[in-house]
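So this block is data20.cif, mmCIF, C-alpha atoms:
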data_run
loop_
_atom_site.label_atom_id
_atom_site.label_comp_id
_atom_site.auth_asym_id
_atom_site.auth_seq_id
_atom_site.Cartn_x
_atom_site.Cartn_y
_atom_site.Cartn_z
CA MET Q 1 63.28 289.99 48.59
CA ALA Q 2 64.35 293.22 50.20
CA GLU Q 3 61.40 293.07 52.53
CA LYS Q 4 61.75 295.18 55.63
CA PRO Q 5 62.84 293.46 58.84
CA ARG Q 6 60.60 293.84 61.87
CA LEU Q 7 62.10 294.96 65.16
CA LYS Q 8 60.64 295.18 68.63
CA LEU Q 9 62.60 296.74 71.48
CA PRO Q 10 62.02 299.52 74.00
CA LYS Q 11 62.85 303.14 73.05
CA GLU Q 12 63.99 303.92 76.59
CA ALA Q 13 65.64 301.99 79.40
CA LYS Q 14 67.39 302.49 82.72
CA LYS Q 15 71.16 302.18 82.96
CA GLY Q 16 72.13 298.55 83.48
CA GLU Q 17 68.69 297.24 82.54
CA VAL Q 18 68.40 293.99 80.59
CA ILE Q 19 65.99 294.55 77.71
CA GLU Q 20 64.27 292.07 75.42
CA ILE Q 21 64.75 292.35 71.66
CA LYS Q 22 62.62 290.60 69.03
CA THR Q 23 63.52 290.54 65.34
CA LEU Q 24 61.98 288.96 62.26
CA LEU Q 25 63.10 289.07 58.65
CA PRO Q 26 60.60 287.98 55.97
CA HIS Q 27 62.55 285.27 54.09
CA VAL Q 28 61.65 281.94 52.44
CA MET Q 29 64.51 279.99 54.17
CA GLU Q 30 64.53 277.40 51.37
CA SER Q 31 66.06 274.36 53.09
CA GLY Q 32 67.51 272.59 50.05
CA GLN Q 33 65.52 269.48 51.06
CA ARG Q 34 62.42 270.20 49.00
CA LYS Q 35 61.80 269.12 45.41
CA ASP Q 36 59.85 271.01 42.75
CA LYS Q 37 57.00 269.36 40.80
CA ASP Q 38 59.47 267.85 38.29
CA GLY Q 39 61.34 266.14 41.13
CA LYS Q 40 64.37 268.41 40.96
CA ALA Q 41 65.85 269.61 44.24
CA ILE Q 42 65.17 273.27 44.96
CA PRO Q 43 68.55 274.83 45.81
CA ARG Q 44 69.17 275.96 49.37
CA LYS Q 45 68.72 279.68 50.04
CA ILE Q 46 68.68 280.70 53.68
CA ILE Q 47 69.75 283.45 56.03
CA ASN Q 48 72.86 281.81 57.48
CA LYS Q 49 73.93 284.49 59.95
CA PHE Q 50 72.29 287.07 62.18
CA VAL Q 51 74.29 289.63 64.14
CA CYS Q 52 73.22 292.24 66.69
CA GLU Q 53 75.68 294.94 67.77
CA PHE Q 54 75.30 297.84 70.17
CA ASN Q 55 77.50 300.88 69.52
CA GLY Q 56 79.78 298.62 67.48
CA LYS Q 57 80.16 295.96 70.21
CA PRO Q 58 78.80 292.41 69.70
CA VAL Q 59 75.65 291.56 71.67
CA PHE Q 60 74.25 288.43 70.06
CA THR Q 61 75.07 286.31 67.01
CA ALA Q 62 73.28 283.32 65.53
CA ASP Q 63 74.82 280.91 63.05
CA ILE Q 64 71.74 279.57 61.34
CA GLU Q 65 71.10 276.20 59.66
CA PRO Q 66 68.22 275.27 57.31
CA ALA Q 67 66.34 273.92 60.35
CA VAL Q 68 65.36 277.47 61.28
CA ALA Q 69 61.83 278.12 60.00
CA ALA Q 70 60.84 280.58 57.26
CA ASN Q 71 60.83 284.26 58.27
CA PRO Q 72 63.65 283.74 60.79
CA TYR Q 73 62.63 285.03 64.21
CA MET Q 74 65.16 285.78 66.91
CA GLN Q 75 64.43 286.80 70.46
CA PHE Q 76 67.27 287.64 72.84
CA HIS Q 77 68.38 290.18 75.46
CA ALA Q 78 70.81 293.05 75.85
CA ARG Q 79 72.21 294.85 78.87
CA VAL Q 80 72.30 298.60 78.18
CA GLU Q 81 74.70 300.88 80.07
CA GLU Q 82 74.53 303.92 77.76
CA SER Q 83 72.36 305.46 75.05
CA GLY Q 84 73.18 304.27 71.58
CA THR Q 85 72.20 302.35 68.49
CA PHE Q 86 71.53 298.70 67.90
CA LYS Q 87 72.56 297.44 64.49
CA PHE Q 88 71.06 294.22 63.12
CA THR Q 89 72.55 292.33 60.16
CA TRP Q 90 71.14 289.34 58.27
CA THR Q 91 73.35 287.54 55.73
CA ASP Q 92 71.80 285.50 52.90
CA ASP Q 93 73.47 282.44 51.26
CA ASP Q 94 73.69 284.52 48.05
CA GLY Q 95 75.68 287.21 49.85
CA THR Q 96 72.84 289.71 50.20
CA VAL Q 97 73.10 291.63 53.46
CA THR Q 98 70.05 293.24 55.08
CA THR Q 99 70.62 295.72 57.87
CA ALA Q 100 68.44 297.66 60.28
CA GLU Q 101 69.14 300.09 63.10
CA GLU Q 102 67.26 301.22 66.18
CA SER Q 103 68.26 303.76 68.82
CA ILE Q 104 67.65 303.59 72.54
CA THR Q 105 67.82 306.31 75.19
CA VAL Q 106 69.33 305.14 78.47
CA SER Q 107 68.93 307.24 81.59
CA MET R 1 40.26 236.56 40.11
CA ARG R 2 39.40 240.18 40.25
CA GLN R 3 38.82 239.94 43.98
CA LEU R 4 42.11 238.21 44.48
CA SER R 5 44.10 240.87 42.70
CA ARG R 6 42.45 243.48 44.85
CA ARG R 7 43.51 241.58 47.96
CA ALA R 8 46.97 241.18 46.54
CA ALA R 9 47.16 244.92 45.95
CA LEU R 10 46.11 245.58 49.54
CA ALA R 11 48.68 243.13 50.86
CA LEU R 12 51.33 244.77 48.71
CA GLY R 13 50.40 248.17 50.05
CA ALA R 14 50.57 246.93 53.62
CA SER R 15 53.95 245.31 53.18
CA GLY R 16 55.21 248.46 51.46
CA ALA R 17 54.16 250.53 54.44
CA ALA R 18 55.85 248.06 56.77
CA ALA R 19 59.06 248.28 54.75
CA THR R 20 59.23 252.05 55.03
CA PHE R 21 58.56 251.73 58.74
CA ILE R 22 61.37 249.23 59.18
CA GLY R 23 63.61 251.47 57.11
CA LEU R 24 63.12 254.34 59.54
CA PRO R 25 65.43 253.38 62.43
CA ASP R 26 68.44 253.33 60.08
CA SER R 27 68.02 256.91 58.94
CA VAL R 28 67.26 258.04 62.49
CA SER R 29 70.45 256.52 63.85
CA ALA R 30 72.49 258.11 61.01
CA ALA R 31 71.12 261.53 61.92
CA ALA R 32 71.70 260.86 65.62
CA LYS R 33 75.31 259.93 64.88
CA GLU R 34 75.85 263.13 62.91
CA ALA R 35 74.28 265.10 65.75
CA ALA R 36 76.68 263.42 68.20
CA ASP R 37 79.59 264.29 65.88
CA GLN R 38 78.57 267.95 65.81
CA ILE R 39 78.34 268.01 69.59
CA ALA R 40 81.76 266.37 69.95
CA LYS R 41 83.22 269.01 67.62
CA PHE R 42 81.63 271.77 69.72
CA THR R 43 82.82 270.37 73.07
CA GLY R 44 86.21 269.24 71.81
CA GLY R 45 85.36 265.70 72.90
CA LYS R 46 84.77 266.66 76.55
CA THR R 47 81.65 265.60 78.43
CA ALA R 48 79.11 268.28 79.19
CA GLU R 49 77.45 268.27 82.59
CA LYS R 50 73.69 267.76 82.42
CA SER R 51 72.57 270.88 84.31
CA LYS R 52 71.80 274.59 84.05
CA VAL R 53 70.44 274.40 80.49
CA SER R 54 66.69 274.58 79.91
CA ILE R 55 64.96 273.91 76.63
CA GLU R 56 61.42 275.08 76.06
CA LEU R 57 59.50 273.34 73.30
CA PRO R 58 55.93 272.17 72.88
CA GLU R 59 55.60 268.52 73.94
CA ILE R 60 53.68 267.83 70.75
CA ALA R 61 54.34 269.92 67.64
CA GLU R 62 51.40 269.60 65.30
CA ASN R 63 53.15 271.40 62.49
CA GLY R 64 56.85 270.62 62.11
CA ASN R 65 57.29 273.62 59.80
CA THR R 66 57.46 276.09 62.62
CA VAL R 67 58.06 274.98 66.18
CA PRO R 68 58.82 277.59 68.85
CA LEU R 69 62.10 276.87 70.63
CA SER R 70 63.66 278.66 73.56
CA VAL R 71 67.00 277.79 75.16
CA SER R 72 68.46 279.37 78.26
CA VAL R 73 71.35 278.80 80.66
CA ASP R 74 71.17 279.62 84.35
CA ALA R 75 74.63 281.19 84.66
CA PRO R 76 76.15 284.64 85.28
CA MET R 77 76.67 287.00 82.32
CA VAL R 78 79.30 289.41 83.61
CA GLY R 79 82.85 290.46 82.78
CA ASP R 80 84.94 287.40 82.06
CA ASN R 81 82.38 284.89 83.33
CA TYR R 82 79.56 284.43 80.86
CA VAL R 83 77.90 281.88 78.59
CA SER R 84 79.65 282.34 75.26
CA GLU R 85 77.85 279.84 73.02
CA ILE R 86 74.85 277.53 72.84
CA LEU R 87 74.74 274.83 70.16
CA VAL R 88 71.32 273.41 69.28
CA VAL R 89 70.95 270.16 67.32
CA ALA R 90 67.93 268.10 66.30
CA ASP R 91 68.90 264.41 66.12
CA GLY R 92 66.18 263.35 63.66
CA ASN R 93 66.42 266.03 60.98
CA PRO R 94 68.11 265.44 57.58
CA ASN R 95 70.74 267.97 58.76
CA PRO R 96 70.93 267.82 62.55
CA GLY R 97 72.35 271.34 62.94
CA VAL R 98 69.78 273.95 64.02
CA ALA R 99 71.71 277.00 65.18
CA THR R 100 74.61 278.24 67.26
CA PHE R 101 73.89 281.25 69.43
CA ARG R 102 76.84 283.39 70.56
CA PHE R 103 76.58 285.74 73.51
CA SER R 104 78.69 288.41 75.15
CA PRO R 105 78.48 290.05 78.60
CA LEU R 106 76.37 292.70 76.81
CA SER R 107 73.70 290.02 76.20
CA GLY R 108 72.62 290.30 79.84
CA LYS R 109 70.93 286.88 79.72
CA ALA R 110 72.00 283.60 78.15
CA GLU R 111 68.68 283.05 76.47
CA ALA R 112 67.53 282.86 72.85
CA SER R 113 64.25 281.98 71.17
CA THR R 114 63.51 281.17 67.56
CA ARG R 115 61.25 278.97 65.44
CA ILE R 116 62.53 275.74 63.96
CA ARG R 117 61.64 272.99 61.49
CA LEU R 118 61.40 269.39 62.61
CA ALA R 119 61.10 266.45 60.19
CA ALA R 120 59.85 263.93 62.75
CA THR R 121 59.58 263.08 66.44
CA GLN R 122 63.06 263.52 67.86
CA ASN R 123 65.35 264.88 70.56
CA ILE R 124 66.47 268.49 70.66
CA ILE R 125 69.87 268.76 72.32
CA ALA R 126 71.41 272.01 73.56
CA VAL R 127 75.05 272.32 74.67
CA ALA R 128 76.31 275.50 76.32
CA LYS R 129 79.90 276.67 76.66
CA THR R 130 81.03 279.35 79.11
CA SER R 131 83.93 281.79 78.78
CA LYS R 132 85.74 279.66 81.37
CA GLY R 133 85.34 276.53 79.24
CA GLU R 134 82.62 274.86 81.33
CA LEU R 135 80.14 272.73 79.39
CA PHE R 136 76.48 272.18 80.21
CA THR R 137 73.82 270.28 78.31
CA ASN R 138 70.22 269.18 78.27
CA GLN R 139 67.85 267.50 75.84
CA LYS R 140 64.14 267.32 75.23
CA LEU R 141 61.95 264.98 73.23
CA VAL R 142 59.43 266.61 70.93
CA LYS R 143 56.65 264.68 69.19
CA VAL R 144 55.95 265.90 65.68
CA THR R 145 52.61 265.20 63.99
CA ILE R 146 53.37 266.58 60.51
CA GLY R 147 57.01 266.81 59.45
CA GLY R 148 58.36 270.13 58.28
CA CYS R 149 61.02 269.35 55.73
CA GLY R 150 58.72 269.16 52.73
CA GLY R 151 60.25 265.84 51.41
#
Would you give me this structure, written as C-alpha coordinates?
Amino acid sequence: MAEKPRLKLPKEAKKGEVIEIKTLLPHVMESGQRKDKDGKAIPRKIINKFVCEFNGKPVFTADIEPAVAANPYMQFHARVEESGTFKFTWTDDDGTVTTAEESITVS
Amino acid sequence: MRQLSRRAALALGASGAAATFIGLPDSVSAAAKEAADQIAKFTGGKTAEKSKVSIELPEIAENGNTVPLSVSVDAPMVGDNYVSEILVVADGNPNPGVATFRFSPLSGKAEASTRIRLAATQNIIAVAKTSKGELFTNQKLVKVTIGGCGG
(Lines of atoms letter the chains of each structure in order from A and count residues from 1; the text may use other names and numbers.)
(Lines give C-alpha, C1' and ligand atoms only; values in the text may rest on other atoms or scores of the structure.)
Protein backbone atom coordinates (compact mmCIF):
# COMPACT_ATOMS: atom_id res chain seq x y z
CA MET A 1 0.00 0.00 0.00
CA ALA A 2 0.86 3.67 -0.06
CA GLU A 3 2.26 3.31 -3.55
CA LYS A 4 2.52 6.53 -5.46
CA PRO A 5 -0.23 7.34 -7.96
CA ARG A 6 0.80 8.04 -11.54
CA LEU A 7 -0.45 11.18 -13.26
CA LYS A 8 -0.20 12.34 -16.83
CA LEU A 9 -1.39 15.80 -17.85
CA PRO A 10 0.13 18.80 -19.61
CA LYS A 11 2.10 21.39 -17.59
CA GLU A 12 0.82 24.23 -19.78
CA ALA A 13 -2.36 24.96 -21.70
CA LYS A 14 -4.19 27.76 -23.45
CA LYS A 15 -7.18 29.42 -21.80
CA GLY A 16 -10.34 27.46 -22.55
CA GLU A 17 -8.44 24.42 -23.81
CA VAL A 18 -9.79 20.94 -23.07
CA ILE A 19 -6.91 18.82 -21.78
CA GLU A 20 -6.63 15.07 -21.31
CA ILE A 21 -5.78 13.67 -17.88
CA LYS A 22 -4.66 10.10 -17.18
CA THR A 23 -4.35 8.68 -13.66
CA LEU A 24 -3.42 5.29 -12.25
CA LEU A 25 -3.17 4.14 -8.65
CA PRO A 26 -1.35 0.86 -7.94
CA HIS A 27 -3.97 -1.14 -6.00
CA VAL A 28 -5.01 -4.81 -5.83
CA MET A 29 -8.78 -4.06 -6.24
CA GLU A 30 -9.70 -7.32 -4.49
CA SER A 31 -13.20 -8.00 -5.82
CA GLY A 32 -14.56 -10.11 -2.95
CA GLN A 33 -15.38 -12.84 -5.50
CA ARG A 34 -12.13 -14.76 -5.21
CA LYS A 35 -11.41 -17.60 -2.78
CA ASP A 36 -8.08 -18.42 -1.15
CA LYS A 37 -6.56 -21.93 -1.35
CA ASP A 38 -8.62 -23.10 1.66
CA GLY A 39 -11.82 -22.10 -0.13
CA LYS A 40 -12.52 -19.08 2.06
CA ALA A 41 -13.70 -15.91 0.37
CA ILE A 42 -11.06 -13.18 0.24
CA PRO A 43 -12.73 -10.03 1.60
CA ARG A 44 -13.41 -7.17 -0.78
CA LYS A 45 -10.89 -4.32 -0.73
CA ILE A 46 -11.20 -1.82 -3.55
CA ILE A 47 -10.85 1.85 -4.34
CA ASN A 48 -14.53 2.82 -4.32
CA LYS A 49 -14.25 6.50 -5.23
CA PHE A 50 -12.03 8.71 -7.34
CA VAL A 51 -12.35 12.49 -7.38
CA CYS A 52 -10.61 15.15 -9.46
CA GLU A 53 -10.94 18.82 -8.49
CA PHE A 54 -9.47 21.94 -10.03
CA ASN A 55 -8.94 24.90 -7.69
CA GLY A 56 -11.48 23.31 -5.34
CA LYS A 57 -14.19 22.86 -8.00
CA PRO A 58 -15.33 19.36 -9.07
CA VAL A 59 -14.15 18.22 -12.50
CA PHE A 60 -14.70 14.47 -12.58
CA THR A 61 -15.82 11.81 -10.11
CA ALA A 62 -16.04 8.04 -10.46
CA ASP A 63 -18.02 5.79 -8.15
CA ILE A 64 -16.19 2.52 -8.60
CA GLU A 65 -17.43 -1.08 -8.28
CA PRO A 66 -15.32 -4.26 -8.01
CA ALA A 67 -15.65 -4.66 -11.80
CA VAL A 68 -12.93 -2.06 -12.28
CA ALA A 69 -9.62 -3.85 -12.87
CA ALA A 70 -6.60 -3.84 -10.55
CA ASN A 71 -4.51 -0.65 -10.57
CA PRO A 72 -7.56 1.52 -11.34
CA TYR A 73 -6.92 3.65 -14.41
CA MET A 74 -9.00 6.71 -15.20
CA GLN A 75 -8.78 8.85 -18.28
CA PHE A 76 -10.93 11.96 -18.63
CA HIS A 77 -10.81 15.63 -19.67
CA ALA A 78 -10.84 19.07 -18.12
CA ARG A 79 -11.51 22.53 -19.51
CA VAL A 80 -8.99 24.99 -18.04
CA GLU A 81 -9.78 28.72 -17.88
CA GLU A 82 -7.09 29.76 -15.37
CA SER A 83 -3.80 28.55 -13.88
CA GLY A 84 -4.21 26.37 -10.85
CA THR A 85 -3.91 22.99 -9.21
CA PHE A 86 -5.59 19.70 -9.88
CA LYS A 87 -6.22 17.59 -6.80
CA PHE A 88 -6.83 13.85 -7.15
CA THR A 89 -8.31 11.72 -4.36
CA TRP A 90 -8.69 7.94 -4.17
CA THR A 91 -10.75 6.41 -1.34
CA ASP A 92 -10.17 2.80 -0.24
CA ASP A 93 -12.88 0.54 1.29
CA ASP A 94 -10.84 0.61 4.53
CA GLY A 95 -11.04 4.40 4.66
CA THR A 96 -7.49 5.07 3.48
CA VAL A 97 -7.34 8.20 1.33
CA THR A 98 -4.56 8.74 -1.21
CA THR A 99 -4.13 12.19 -2.68
CA ALA A 100 -1.97 13.77 -5.36
CA GLU A 101 -1.69 17.26 -6.80
CA GLU A 102 -0.44 18.70 -10.07
CA SER A 103 -0.26 22.33 -11.18
CA ILE A 104 -0.92 23.73 -14.62
CA THR A 105 -0.03 27.11 -16.12
CA VAL A 106 -2.76 28.55 -18.34
CA SER A 107 -1.97 31.43 -20.67
CA MET B 1 -15.26 -54.27 -16.65
CA ARG B 2 -12.37 -51.95 -16.40
CA GLN B 3 -13.11 -50.58 -19.84
CA LEU B 4 -16.73 -50.06 -18.97
CA SER B 5 -15.98 -48.03 -15.88
CA ARG B 6 -13.71 -45.84 -17.93
CA ARG B 7 -16.52 -45.23 -20.39
CA ALA B 8 -18.88 -44.59 -17.54
CA ALA B 9 -16.47 -42.03 -16.11
CA LEU B 10 -16.27 -40.29 -19.48
CA ALA B 11 -20.04 -40.25 -19.81
CA LEU B 12 -20.32 -38.84 -16.31
CA GLY B 13 -17.84 -36.12 -17.14
CA ALA B 14 -19.72 -35.22 -20.29
CA SER B 15 -23.07 -35.03 -18.56
CA GLY B 16 -21.50 -32.96 -15.79
CA ALA B 17 -20.23 -30.48 -18.34
CA ALA B 18 -23.65 -30.37 -19.97
CA ALA B 19 -25.27 -29.68 -16.60
CA THR B 20 -23.07 -26.68 -15.90
CA PHE B 21 -23.79 -25.43 -19.39
CA ILE B 22 -27.53 -25.73 -18.89
CA GLY B 23 -27.16 -24.04 -15.52
CA LEU B 24 -25.62 -20.98 -17.15
CA PRO B 25 -28.68 -19.19 -18.59
CA ASP B 26 -30.24 -18.96 -15.11
CA SER B 27 -27.35 -17.07 -13.58
CA VAL B 28 -27.04 -14.87 -16.67
CA SER B 29 -30.67 -13.82 -16.50
CA ALA B 30 -30.36 -13.08 -12.75
CA ALA B 31 -27.43 -10.76 -13.43
CA ALA B 32 -29.28 -9.18 -16.36
CA LYS B 33 -32.28 -8.53 -14.12
CA GLU B 34 -30.08 -6.88 -11.48
CA ALA B 35 -28.46 -4.79 -14.21
CA ALA B 36 -31.93 -3.70 -15.39
CA ASP B 37 -32.84 -2.82 -11.79
CA GLN B 38 -29.75 -0.64 -11.42
CA ILE B 39 -30.56 1.14 -14.68
CA ALA B 40 -34.17 1.71 -13.59
CA LYS B 41 -32.91 3.21 -10.32
CA PHE B 42 -30.57 5.51 -12.26
CA THR B 43 -33.22 6.67 -14.75
CA GLY B 44 -36.05 6.82 -12.23
CA GLY B 45 -37.99 4.35 -14.36
CA LYS B 46 -37.94 6.56 -17.47
CA THR B 47 -36.88 5.22 -20.87
CA ALA B 48 -33.54 6.37 -22.19
CA GLU B 49 -33.27 7.24 -25.86
CA LYS B 50 -30.84 5.02 -27.76
CA SER B 51 -28.56 7.70 -29.20
CA LYS B 52 -25.56 9.95 -28.55
CA VAL B 53 -23.74 7.43 -26.33
CA SER B 54 -20.77 5.52 -27.72
CA ILE B 55 -19.06 2.61 -26.03
CA GLU B 56 -15.61 1.53 -27.10
CA LEU B 57 -14.59 -2.00 -26.17
CA PRO B 58 -12.65 -4.73 -27.91
CA GLU B 59 -15.04 -7.06 -29.78
CA ILE B 60 -13.24 -10.02 -28.25
CA ALA B 61 -11.54 -9.70 -24.87
CA GLU B 62 -8.99 -12.45 -24.50
CA ASN B 63 -8.34 -11.67 -20.86
CA GLY B 64 -11.40 -10.69 -18.84
CA ASN B 65 -9.17 -9.41 -16.03
CA THR B 66 -8.48 -6.13 -17.73
CA VAL B 67 -10.59 -4.93 -20.63
CA PRO B 68 -10.19 -1.35 -21.87
CA LEU B 69 -13.49 0.53 -21.84
CA SER B 70 -14.26 4.01 -23.07
CA VAL B 71 -17.66 5.72 -22.90
CA SER B 72 -18.54 9.08 -24.37
CA VAL B 73 -21.63 11.18 -25.02
CA ASP B 74 -21.97 13.50 -27.99
CA ALA B 75 -23.54 16.43 -26.14
CA PRO B 76 -22.60 19.99 -25.10
CA MET B 77 -20.67 20.53 -21.85
CA VAL B 78 -21.37 24.17 -21.04
CA GLY B 79 -23.03 26.20 -18.30
CA ASP B 80 -26.30 24.59 -17.33
CA ASN B 81 -26.41 22.15 -20.25
CA TYR B 82 -24.00 19.29 -19.74
CA VAL B 83 -23.82 15.52 -19.27
CA SER B 84 -23.89 15.06 -15.51
CA GLU B 85 -23.58 11.29 -15.12
CA ILE B 86 -22.85 8.09 -17.02
CA LEU B 87 -23.77 4.74 -15.46
CA VAL B 88 -21.98 1.66 -16.79
CA VAL B 89 -23.26 -1.87 -16.07
CA ALA B 90 -22.12 -5.30 -17.23
CA ASP B 91 -25.13 -7.64 -17.41
CA GLY B 92 -23.19 -10.90 -16.99
CA ASN B 93 -20.92 -10.12 -14.04
CA PRO B 94 -21.59 -11.41 -10.50
CA ASN B 95 -22.19 -7.75 -9.57
CA PRO B 96 -23.44 -5.91 -12.65
CA GLY B 97 -22.33 -2.47 -11.46
CA VAL B 98 -19.10 -1.23 -13.09
CA ALA B 99 -18.86 2.49 -12.38
CA THR B 100 -20.71 5.78 -12.35
CA PHE B 101 -18.86 8.72 -13.85
CA ARG B 102 -19.92 12.22 -12.80
CA PHE B 103 -19.04 15.27 -14.86
CA SER B 104 -19.29 19.03 -14.55
CA PRO B 105 -19.02 21.82 -17.15
CA LEU B 106 -15.32 21.90 -16.15
CA SER B 107 -14.95 18.37 -17.61
CA GLY B 108 -14.98 19.84 -21.12
CA LYS B 109 -15.91 16.48 -22.64
CA ALA B 110 -18.36 13.80 -21.53
CA GLU B 111 -15.86 11.01 -21.95
CA ALA B 112 -14.17 8.57 -19.57
CA SER B 113 -11.92 5.57 -20.04
CA THR B 114 -10.93 2.86 -17.60
CA ARG B 115 -10.14 -0.85 -17.50
CA ILE B 116 -12.72 -3.35 -16.33
CA ARG B 117 -13.16 -7.00 -15.35
CA LEU B 118 -15.60 -9.22 -17.21
CA ALA B 119 -16.61 -12.69 -16.01
CA ALA B 120 -18.01 -13.90 -19.34
CA THR B 121 -19.35 -12.85 -22.73
CA GLN B 122 -21.96 -10.20 -22.03
CA ASN B 123 -23.47 -6.80 -22.80
CA ILE B 124 -22.00 -3.57 -21.51
CA ILE B 125 -24.72 -0.96 -21.10
CA ALA B 126 -24.10 2.75 -20.61
CA VAL B 127 -26.81 5.24 -19.61
CA ALA B 128 -26.13 8.97 -19.62
CA LYS B 129 -28.07 11.68 -17.82
CA THR B 130 -27.83 15.38 -18.67
CA SER B 131 -28.27 18.38 -16.37
CA LYS B 132 -31.64 18.93 -18.08
CA GLY B 133 -32.77 15.40 -17.21
CA GLU B 134 -32.45 13.91 -20.71
CA LEU B 135 -31.49 10.23 -20.84
CA PHE B 136 -29.43 8.50 -23.50
CA THR B 137 -28.22 4.93 -23.71
CA ASN B 138 -26.32 2.40 -25.76
CA GLN B 139 -25.03 -1.13 -25.33
CA LYS B 140 -22.31 -3.30 -26.76
CA LEU B 141 -21.68 -7.03 -26.73
CA VAL B 142 -18.20 -8.14 -25.75
CA LYS B 143 -16.96 -11.71 -26.16
CA VAL B 144 -14.73 -12.85 -23.32
CA THR B 145 -12.32 -15.76 -23.78
CA ILE B 146 -11.04 -16.08 -20.20
CA GLY B 147 -13.23 -14.72 -17.40
CA GLY B 148 -11.77 -12.21 -15.00
CA CYS B 149 -13.49 -12.77 -11.70
CA GLY B 150 -11.15 -15.45 -10.42
CA GLY B 151 -14.01 -17.82 -9.29
* Dump as a VMD selection string the residues of chain R that approach chain Q to within 9 Å, counting all atoms listed in the file. => chain R and resid 65 to 67 70 90 93 to 118 148 to 151
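One distance worth recording is that between CA of Pro10 in chain Q and CA of Ile104 in chain Q, which is 7.1 Å.
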* Quick one, how far is CA of Val53 in chain R from CA of Ala75 in chain R? -> 9.0 Å
* Would you kindly return, as a PyMOL selection string, each protein, DNA or RNA residue with an atom no farther than 10 Å from any atom of range 126-131 of chain R, considering only C-alpha atoms and excluding same-chain residues fewer than 2 positions away? => chain R and resi 39+42-43+48-55+71-73+75-77+79-90+98-105+110+123-124+133-140
* **Test item: the PyMOL selection byres ((chain Q and resi 89) around 7) resolved as a PyMOL selection string** => chain Q and resi 50-52+87-88+90-91+97-100
